[in-house]
Amino acid sequence: MYSVQAPFEHLKYERLIDSATSSTTFVQVGWFVDDNNDPYIGKPLLFYPITNSGTTIRFLEDSTSTYSDITSYFIPS
């Protein structure tokens, strides 16, 4: 049997939950961490993004305590 293993990392993405409605959103998050949730730089990651504009994402800016909304962003395909 012939086996090919690509030298790339696999990243698990999770969808975020809207705390107001308890429903899942179209927003996904993923990160590189080890078993202790410490930052980890692994093998290269292939990321195939698509543009999403279905859900507005709001960020709190710590330096000014103001909010910024984005309406177009990249998600994994």
# chains A, B, ... in the order shown; residues from 1 in each chain; ligands from 1
>>> residues_around(residues="stretch 42-59 of chain A", least_positions_apart="5", cutoff="6 Å", atoms="only C-alpha atoms", output="VMD selection string")
chain A and resid 8 to 9 67 to 77
>>> write_last_selection(atoms="N, CA and C atoms", output="JSON list (two decimals), in the first residue's frame")
[["chain", "number", "residue", "atom", "x", "y", "z"],
["A", 8, "PHE", "N", 1.54, 19.24, 6.56],
["A", 8, "PHE", "CA", 0.76, 20.41, 6.93],
["A", 8, "PHE", "C", 0.00, 20.15, 8.22],
["A", 9, "GLU", "N", -0.29, 21.23, 8.92],
["A", 9, "GLU", "CA", -1.04, 21.17, 10.17],
["A", 9, "GLU", "C", -2.53, 21.09, 9.86],
["A", 67, "TYR", "N", -16.53, 50.72, 20.08],
["A", 67, "TYR", "CA", -16.79, 49.53, 19.28],
["A", 67, "TYR", "C", -16.52, 49.80, 17.81],
["A", 68, "SER", "N", -16.07, 48.79, 17.13],
["A", 68, "SER", "CA", -15.91, 48.85, 15.68],
["A", 68, "SER", "C", -16.65, 47.65, 15.09],
["A", 69, "ASP", "N", -17.42, 47.89, 14.05],
["A", 69, "ASP", "CA", -18.16, 46.83, 13.37],
["A", 69, "ASP", "C", -17.51, 46.55, 12.02],
["A", 70, "ILE", "N", -17.40, 45.26, 11.67],
["A", 70, "ILE", "CA", -16.98, 44.89, 10.33],
["A", 70, "ILE", "C", -18.08, 44.04, 9.71],
["A", 71, "THR", "N", -18.27, 44.21, 8.44],
["A", 71, "THR", "CA", -19.36, 43.51, 7.76],
["A", 71, "THR", "C", -18.86, 42.55, 6.69],
["A", 72, "SER", "N", -17.58, 42.61, 6.36],
["A", 72, "SER", "CA", -17.01, 41.71, 5.37],
["A", 72, "SER", "C", -15.71, 41.17, 5.92],
["A", 73, "TYR", "N", -15.54, 39.84, 5.92],
["A", 73, "TYR", "CA", -14.37, 39.22, 6.52],
["A", 73, "TYR", "C", -14.16, 37.85, 5.89],
["A", 74, "PHE", "N", -13.00, 37.25, 6.13],
["A", 74, "PHE", "CA", -12.65, 35.96, 5.57],
["A", 74, "PHE", "C", -12.96, 34.84, 6.55],
["A", 75, "ILE", "N", -13.48, 33.72, 6.03],
["A", 75, "ILE", "CA", -13.72, 32.52, 6.84],
["A", 75, "ILE", "C", -13.14, 31.32, 6.09],
["A", 76, "PRO", "N", -12.85, 30.22, 6.78],
["A", 76, "PRO", "CA", -12.36, 29.03, 6.09],
["A", 76, "PRO", "C", -13.44, 28.45, 5.17],
["A", 77, "SER", "N", -13.02, 27.95, 4.03],
["A", 77, "SER", "CA", -13.99, 27.36, 3.11],
["A", 77, "SER", "C", -14.17, 25.89, 3.39]]
>>> select_by_dssp(residues="stretch 3-75 of chain A", states="strand (DSSP E)", output="ChimeraX atom specification")
/A:14-18,23-29,49-52,57-61,66-70,73-75
>>> decode(residues="stretch 58-71 of chain A", atoms="all heavy atoms", output="PDB file, in the first residue's frame")
ATOM      1  N   ARG A  58     -18.692  42.680  15.901  1.00  0.00           N
ATOM      2  CA  ARG A  58     -18.359  43.888  16.663  1.00  0.00           C
ATOM      3  C   ARG A  58     -17.150  43.608  17.543  1.00  0.00           C
ATOM      4  O   ARG A  58     -17.087  42.611  18.241  1.00  0.00           O
ATOM      5  CB  ARG A  58     -19.542  44.304  17.528  1.00  0.00           C
ATOM      6  CG  ARG A  58     -19.242  45.498  18.423  1.00  0.00           C
ATOM      7  CD  ARG A  58     -20.482  46.050  19.018  1.00  0.00           C
ATOM      8  NE  ARG A  58     -21.080  46.897  17.979  1.00  0.00           N
ATOM      9  CZ  ARG A  58     -22.153  47.637  18.168  1.00  0.00           C
ATOM     10  NH1 ARG A  58     -22.775  47.620  19.314  1.00  0.00           N
ATOM     11  NH2 ARG A  58     -22.610  48.379  17.194  1.00  0.00           N
ATOM     12  N   PHE A  59     -16.179  44.540  17.502  1.00  0.00           N
ATOM     13  CA  PHE A  59     -14.979  44.448  18.317  1.00  0.00           C
ATOM     14  C   PHE A  59     -14.930  45.605  19.296  1.00  0.00           C
ATOM     15  O   PHE A  59     -15.240  46.733  18.953  1.00  0.00           O
ATOM     16  CB  PHE A  59     -13.719  44.511  17.445  1.00  0.00           C
ATOM     17  CG  PHE A  59     -13.514  43.299  16.602  1.00  0.00           C
ATOM     18  CD1 PHE A  59     -13.967  43.261  15.301  1.00  0.00           C
ATOM     19  CD2 PHE A  59     -12.874  42.199  17.116  1.00  0.00           C
ATOM     20  CE1 PHE A  59     -13.771  42.143  14.514  1.00  0.00           C
ATOM     21  CE2 PHE A  59     -12.668  41.071  16.352  1.00  0.00           C
ATOM     22  CZ  PHE A  59     -13.121  41.042  15.043  1.00  0.00           C
ATOM     23  N   LEU A  60     -14.521  45.315  20.514  1.00  0.00           N
ATOM     24  CA  LEU A  60     -14.288  46.352  21.513  1.00  0.00           C
ATOM     25  C   LEU A  60     -12.827  46.734  21.448  1.00  0.00           C
ATOM     26  O   LEU A  60     -11.947  45.892  21.589  1.00  0.00           O
ATOM     27  CB  LEU A  60     -14.633  45.853  22.915  1.00  0.00           C
ATOM     28  CG  LEU A  60     -14.318  46.800  24.066  1.00  0.00           C
ATOM     29  CD1 LEU A  60     -15.128  48.084  23.946  1.00  0.00           C
ATOM     30  CD2 LEU A  60     -14.579  46.128  25.398  1.00  0.00           C
ATOM     31  N   GLU A  61     -12.557  48.019  21.228  1.00  0.00           N
ATOM     32  CA  GLU A  61     -11.186  48.493  21.185  1.00  0.00           C
ATOM     33  C   GLU A  61     -10.780  48.932  22.581  1.00  0.00           C
ATOM     34  O   GLU A  61     -11.323  49.884  23.126  1.00  0.00           O
ATOM     35  CB  GLU A  61     -11.054  49.616  20.172  1.00  0.00           C
ATOM     36  CG  GLU A  61     -11.446  49.148  18.777  1.00  0.00           C
ATOM     37  CD  GLU A  61     -11.049  50.121  17.706  1.00  0.00           C
ATOM     38  OE1 GLU A  61     -10.147  50.940  17.943  1.00  0.00           O
ATOM     39  OE2 GLU A  61     -11.646  50.046  16.637  1.00  0.00           O
ATOM     40  N   ASP A  62      -9.825  48.218  23.168  1.00  0.00           N
ATOM     41  CA  ASP A  62      -9.421  48.455  24.553  1.00  0.00           C
ATOM     42  C   ASP A  62      -8.872  49.856  24.801  1.00  0.00           C
ATOM     43  O   ASP A  62      -9.107  50.441  25.839  1.00  0.00           O
ATOM     44  CB  ASP A  62      -8.377  47.434  24.993  1.00  0.00           C
ATOM     45  CG  ASP A  62      -8.961  46.040  25.088  1.00  0.00           C
ATOM     46  OD1 ASP A  62     -10.176  45.911  25.301  1.00  0.00           O
ATOM     47  OD2 ASP A  62      -8.195  45.077  24.926  1.00  0.00           O
ATOM     48  N   SER A  63      -8.132  50.385  23.837  1.00  0.00           N
ATOM     49  CA  SER A  63      -7.483  51.678  24.077  1.00  0.00           C
ATOM     50  C   SER A  63      -8.477  52.834  24.178  1.00  0.00           C
ATOM     51  O   SER A  63      -8.228  53.805  24.887  1.00  0.00           O
ATOM     52  CB  SER A  63      -6.465  51.961  22.980  1.00  0.00           C
ATOM     53  OG  SER A  63      -7.112  52.007  21.723  1.00  0.00           O
ATOM     54  N   THR A  64      -9.617  52.732  23.500  1.00  0.00           N
ATOM     55  CA  THR A  64     -10.581  53.841  23.504  1.00  0.00           C
ATOM     56  C   THR A  64     -11.942  53.454  24.071  1.00  0.00           C
ATOM     57  O   THR A  64     -12.803  54.303  24.221  1.00  0.00           O
ATOM     58  CB  THR A  64     -10.793  54.371  22.072  1.00  0.00           C
ATOM     59  OG1 THR A  64     -11.289  53.290  21.262  1.00  0.00           O
ATOM     60  CG2 THR A  64      -9.501  54.899  21.490  1.00  0.00           C
ATOM     61  N   SER A  65     -12.136  52.174  24.372  1.00  0.00           N
ATOM     62  CA  SER A  65     -13.422  51.655  24.864  1.00  0.00           C
ATOM     63  C   SER A  65     -14.573  51.954  23.910  1.00  0.00           C
ATOM     64  O   SER A  65     -15.696  52.192  24.325  1.00  0.00           O
ATOM     65  CB  SER A  65     -13.731  52.207  26.259  1.00  0.00           C
ATOM     66  OG  SER A  65     -12.770  51.762  27.183  1.00  0.00           O
ATOM     67  N   THR A  66     -14.271  51.959  22.620  1.00  0.00           N
ATOM     68  CA  THR A  66     -15.311  52.134  21.610  1.00  0.00           C
ATOM     69  C   THR A  66     -15.435  50.842  20.811  1.00  0.00           C
ATOM     70  O   THR A  66     -14.562  49.980  20.851  1.00  0.00           O
ATOM     71  CB  THR A  66     -14.971  53.285  20.645  1.00  0.00           C
ATOM     72  OG1 THR A  66     -13.725  53.007  20.012  1.00  0.00           O
ATOM     73  CG2 THR A  66     -14.897  54.612  21.383  1.00  0.00           C
ATOM     74  N   TYR A  67     -16.534  50.716  20.082  1.00  0.00           N
ATOM     75  CA  TYR A  67     -16.792  49.529  19.284  1.00  0.00           C
ATOM     76  C   TYR A  67     -16.522  49.804  17.814  1.00  0.00           C
ATOM     77  O   TYR A  67     -16.754  50.907  17.326  1.00  0.00           O
ATOM     78  CB  TYR A  67     -18.246  49.079  19.437  1.00  0.00           C
ATOM     79  CG  TYR A  67     -18.581  48.578  20.807  1.00  0.00           C
ATOM     80  CD1 TYR A  67     -19.222  49.393  21.728  1.00  0.00           C
ATOM     81  CD2 TYR A  67     -18.264  47.289  21.185  1.00  0.00           C
ATOM     82  CE1 TYR A  67     -19.531  48.926  22.996  1.00  0.00           C
ATOM     83  CE2 TYR A  67     -18.562  46.808  22.446  1.00  0.00           C
ATOM     84  CZ  TYR A  67     -19.197  47.638  23.336  1.00  0.00           C
ATOM     85  OH  TYR A  67     -19.506  47.168  24.590  1.00  0.00           O
ATOM     86  N   SER A  68     -16.066  48.790  17.132  1.00  0.00           N
ATOM     87  CA  SER A  68     -15.905  48.848  15.677  1.00  0.00           C
ATOM     88  C   SER A  68     -16.649  47.654  15.092  1.00  0.00           C
ATOM     89  O   SER A  68     -16.531  46.538  15.594  1.00  0.00           O
ATOM     90  CB  SER A  68     -14.434  48.756  15.283  1.00  0.00           C
ATOM     91  OG  SER A  68     -13.727  49.869  15.742  1.00  0.00           O
ATOM     92  N   ASP A  69     -17.425  47.888  14.049  1.00  0.00           N
ATOM     93  CA  ASP A  69     -18.159  46.829  13.367  1.00  0.00           C
ATOM     94  C   ASP A  69     -17.507  46.548  12.021  1.00  0.00           C
ATOM     95  O   ASP A  69     -17.117  47.468  11.308  1.00  0.00           O
ATOM     96  CB  ASP A  69     -19.609  47.234  13.124  1.00  0.00           C
ATOM     97  CG  ASP A  69     -20.411  47.344  14.406  1.00  0.00           C
ATOM     98  OD1 ASP A  69     -19.987  46.745  15.410  1.00  0.00           O
ATOM     99  OD2 ASP A  69     -21.436  48.021  14.404  1.00  0.00           O
ATOM    100  N   ILE A  70     -17.397  45.263  11.670  1.00  0.00           N
ATOM    101  CA  ILE A  70     -16.981  44.890  10.333  1.00  0.00           C
ATOM    102  C   ILE A  70     -18.082  44.042   9.711  1.00  0.00           C
ATOM    103  O   ILE A  70     -18.771  43.295  10.400  1.00  0.00           O
ATOM    104  CB  ILE A  70     -15.627  44.141  10.310  1.00  0.00           C
ATOM    105  CG1 ILE A  70     -15.678  42.847  11.122  1.00  0.00           C
ATOM    106  CG2 ILE A  70     -14.500  45.021  10.801  1.00  0.00           C
ATOM    107  CD1 ILE A  70     -14.452  41.991  10.955  1.00  0.00           C
ATOM    108  N   THR A  71     -18.274  44.209   8.439  1.00  0.00           N
ATOM    109  CA  THR A  71     -19.363  43.511   7.765  1.00  0.00           C
ATOM    110  C   THR A  71     -18.863  42.554   6.689  1.00  0.00           C
ATOM    111  O   THR A  71     -19.630  41.768   6.159  1.00  0.00           O
ATOM    112  CB  THR A  71     -20.333  44.508   7.117  1.00  0.00           C
ATOM    113  OG1 THR A  71     -19.601  45.346   6.223  1.00  0.00           O
ATOM    114  CG2 THR A  71     -21.014  45.365   8.183  1.00  0.00           C
TER     115      THR A  71
END
